[in-house]
Structure formats: structure tokens, C-alpha cells
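For reference, the structure discussed in these notes is given below.
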Amino acid sequence: MDRFESLGLKSGIWQGILRRDTAPVRLVLVHLGERVGEARVTTGDEEGSWRIAAAIPSQKLSDGVQSFILMEDEGKEGEALQPGAFHLASLNIVAGRQLDHDLRAEIVLLRSELDLVKRELRRIALGN
């Protein structure tokens, strides 16, 4: 089974280790239902591990909670996220004033994931 271990955010790069036998075809970074970039995949230090690095676009950061989702699919570089994409990991960034509850971060993440689901359902319904 796939296991992603986040190594955190440093200098605007979210890094992690993916443990599985084969490298992912493509990893897409999503923010508020919009594709904002692709992650770089390199061979990890151990057999069956892959180092993942995704640049967080600075223009997407603002006060409050920002949620970024790392999705895996079979698409080609630059293409839209493909139907059947797999949610690999998520990163919540809290900026500005301190928030009262972590629940707000979860709500933002759920909204972002719901936007992805709605987009895929529309695509399937239209036969694209």
C-alpha cells in the first residue's frame, strides 16, 4: 500500500517520501479545486521509496488557512487532472492571525476536495 510521509515545508517547497515499489506517473498540486503545479519525483534513499517535492506558489498564500492537495493520476505534464485521480496527501498552511479552531482548516480542505469531486462528476456527466 502507498504511504506518504510529509517532511514538511521549507523555503516554499513541500517535501515528502512516498513508499511503494513504482514511481507515480504524475503528481499534481491542487489548491481550491484548481491545478497549481506538479511535483517533482526522484529516487529515494531506500529501495521502494520516492522523494517528492512540490513548490507552493507564493501567490496562493494569504491570511487564514490555505489547503493544498497532492493528487496522483496518469496524465501528462501540463494536462488537466484526469478522472480517477488519487488523493495522496494534503498540506494545510495557517498564515496571519491565530485561528481559534483547527476545524476551519478541515472545512477548507473539504471544500477543496468537494470542488474536485464536482468537477469530475460534471466531466463524466458530459461524457468528456
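Following the order of the C-alpha cells, chains are lettered A, B, ..., residues in each are numbered from 1, and ligands are numbered from 1.
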
**OP:** Using DSSP on the backbone coordinates, identify the residues of chain A assigned to strand (DSSP E or B); present them as a PyMOL selection string.
**Re:** chain A and resi 3-10+13-19+26-31+34-38+40-43+49-55+64-73+86-95

**OP:** Find the spatial neighbours of His87 (chain A), counting only C-alpha atoms, within a cut-off of 10 Å - ignore same-chain residues fewer than 4 positions away - and output them as a PyMOL selection string.
**Re:** chain A and resi 27-28+69-73+113

Selected residues written out with N, CA and C atoms, as an mmCIF file, in the first residue's frame:
```cif
data_model
loop_
_atom_site.group_PDB
_atom_site.id
_atom_site.type_symbol
_atom_site.label_atom_id
_atom_site.label_comp_id
_atom_site.auth_asym_id
_atom_site.auth_seq_id
_atom_site.Cartn_x
_atom_site.Cartn_y
_atom_site.Cartn_z
ATOM 1 N N LEU A 27 2.230 13.655 -10.268
ATOM 2 C CA LEU A 27 1.652 14.202 -9.045
ATOM 3 C C LEU A 27 1.297 15.661 -9.298
ATOM 4 N N VAL A 28 0.042 16.000 -9.042
ATOM 5 C CA VAL A 28 -0.473 17.344 -9.303
ATOM 6 C C VAL A 28 -0.809 18.010 -7.974
ATOM 7 N N ILE A 69 -3.569 20.058 -1.948
ATOM 8 C CA ILE A 69 -3.783 18.616 -2.055
ATOM 9 C C ILE A 69 -2.853 18.063 -3.122
ATOM 10 N N LEU A 70 -2.179 16.972 -2.795
ATOM 11 C CA LEU A 70 -1.304 16.289 -3.739
ATOM 12 C C LEU A 70 -2.087 15.117 -4.323
ATOM 13 N N MET A 71 -2.361 15.192 -5.635
ATOM 14 C CA MET A 71 -3.156 14.184 -6.320
ATOM 15 C C MET A 71 -2.277 13.420 -7.301
ATOM 16 N N GLU A 72 -2.523 12.123 -7.404
ATOM 17 C CA GLU A 72 -1.800 11.288 -8.371
ATOM 18 C C GLU A 72 -2.752 10.869 -9.474
ATOM 19 N N ASP A 73 -2.276 10.969 -10.718
ATOM 20 C CA ASP A 73 -3.067 10.480 -11.843
ATOM 21 C C ASP A 73 -2.144 9.976 -12.943
ATOM 22 N N GLU A 113 -11.764 19.548 -1.714
ATOM 23 C CA GLU A 113 -11.989 18.200 -2.225
ATOM 24 C C GLU A 113 -13.358 18.086 -2.891
#
```

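Distances here use only C-alpha atoms; by that measure, the residue among A:Leu18, A:Val65, A:Ala55, A:Ala95 closest to Asp2 (chain A) is A:Leu18.
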
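Counting only C-alpha atoms and comparing A:Ala85, A:Leu29, A:Ala54, A:Pro24, the residue that lies closest to Leu7 (chain A) is A:Ala54.
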
**OP:** Could you check which of A:Glu106, A:Pro83, A:Gly96, A:Arg26 is closest to Arg122 (chain A), using only C-alpha atoms?
**Re:** A:Pro83

Subject >> Which of A:Phe86, A:Ala105, A:Ile52, A:Leu61 sits closest to Glu74 (chain A) [using only C-alpha atoms] >> reply: A:Phe86

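In this comparison, which uses only C-alpha atoms, the residue of A:Phe68, A:Lys76, A:Gly127, A:Glu5 approaching Gly33 (chain A) most closely is A:Phe68.
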
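When only C-alpha atoms are used to measure the gap to Arg51 (chain A), the shortest distance among A:Lys118, A:Arg104, A:Ile17, A:Lys10 belongs to A:Ile17.
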
**OP:** Work out how far apart CA of Arg35 (chain A) and CA of Gly75 (chain A) are and give it in Å to one decimal.
**Re:** 12.6 Å

Show which residues sit within 12 Å of Leu114 (chain A), as a PDB file with N, CA and C atoms, in the first residue's frame. Count only C-alpha atoms, and ignore same-chain residues fewer than 3 positions away.
```pdb
ATOM      1  N   HIS A  31      -5.105  23.493  -5.355  1.00  0.00           N
ATOM      2  CA  HIS A  31      -5.492  24.466  -4.333  1.00  0.00           C
ATOM      3  C   HIS A  31      -6.867  25.010  -4.704  1.00  0.00           C
ATOM      4  N   LEU A  32      -7.833  24.878  -3.788  1.00  0.00           N
ATOM      5  CA  LEU A  32      -9.209  25.335  -4.023  1.00  0.00           C
ATOM      6  C   LEU A  32      -9.775  24.797  -5.335  1.00  0.00           C
ATOM      7  N   GLY A  33      -9.513  23.532  -5.605  1.00  0.00           N
ATOM      8  CA  GLY A  33     -10.040  22.876  -6.794  1.00  0.00           C
ATOM      9  C   GLY A  33      -9.329  23.203  -8.086  1.00  0.00           C
ATOM     10  N   GLU A  34      -8.259  23.977  -8.008  1.00  0.00           N
ATOM     11  CA  GLU A  34      -7.523  24.406  -9.202  1.00  0.00           C
ATOM     12  C   GLU A  34      -6.120  23.802  -9.209  1.00  0.00           C
ATOM     13  N   ILE A  69      -3.569  20.058  -1.948  1.00  0.00           N
ATOM     14  CA  ILE A  69      -3.783  18.616  -2.055  1.00  0.00           C
ATOM     15  C   ILE A  69      -2.853  18.063  -3.122  1.00  0.00           C
ATOM     16  N   ILE A 107     -12.580  22.358   7.205  1.00  0.00           N
ATOM     17  CA  ILE A 107     -13.661  22.822   6.333  1.00  0.00           C
ATOM     18  C   ILE A 107     -13.106  23.279   4.990  1.00  0.00           C
ATOM     19  N   VAL A 108     -11.999  24.018   5.009  1.00  0.00           N
ATOM     20  CA  VAL A 108     -11.378  24.471   3.764  1.00  0.00           C
ATOM     21  C   VAL A 108     -10.935  23.271   2.932  1.00  0.00           C
ATOM     22  N   LEU A 109     -10.344  22.273   3.581  1.00  0.00           N
ATOM     23  CA  LEU A 109      -9.908  21.073   2.873  1.00  0.00           C
ATOM     24  C   LEU A 109     -11.102  20.342   2.257  1.00  0.00           C
ATOM     25  N   LEU A 110     -12.179  20.201   3.014  1.00  0.00           N
ATOM     26  CA  LEU A 110     -13.372  19.535   2.494  1.00  0.00           C
ATOM     27  C   LEU A 110     -13.959  20.289   1.301  1.00  0.00           C
ATOM     28  N   ARG A 111     -13.982  21.603   1.367  1.00  0.00           N
ATOM     29  CA  ARG A 111     -14.487  22.392   0.234  1.00  0.00           C
ATOM     30  C   ARG A 111     -13.633  22.169  -1.007  1.00  0.00           C
ATOM     31  N   VAL A 117     -14.455  16.797  -6.694  1.00  0.00           N
ATOM     32  CA  VAL A 117     -15.477  15.783  -6.954  1.00  0.00           C
ATOM     33  C   VAL A 117     -16.538  16.336  -7.907  1.00  0.00           C
ATOM     34  N   LYS A 118     -16.981  17.562  -7.668  1.00  0.00           N
ATOM     35  CA  LYS A 118     -17.989  18.171  -8.544  1.00  0.00           C
ATOM     36  C   LYS A 118     -17.475  18.288  -9.973  1.00  0.00           C
ATOM     37  N   ARG A 119     -16.239  18.705 -10.130  1.00  0.00           N
ATOM     38  CA  ARG A 119     -15.664  18.853 -11.470  1.00  0.00           C
ATOM     39  C   ARG A 119     -15.627  17.504 -12.189  1.00  0.00           C
ATOM     40  N   GLU A 120     -15.233  16.446 -11.470  1.00  0.00           N
ATOM     41  CA  GLU A 120     -15.161  15.119 -12.085  1.00  0.00           C
ATOM     42  C   GLU A 120     -16.553  14.608 -12.450  1.00  0.00           C
ATOM     43  N   LEU A 121     -17.539  14.841 -11.586  1.00  0.00           N
ATOM     44  CA  LEU A 121     -18.901  14.402 -11.892  1.00  0.00           C
ATOM     45  C   LEU A 121     -19.453  15.130 -13.117  1.00  0.00           C
TER      46      LEU A 121
END
```
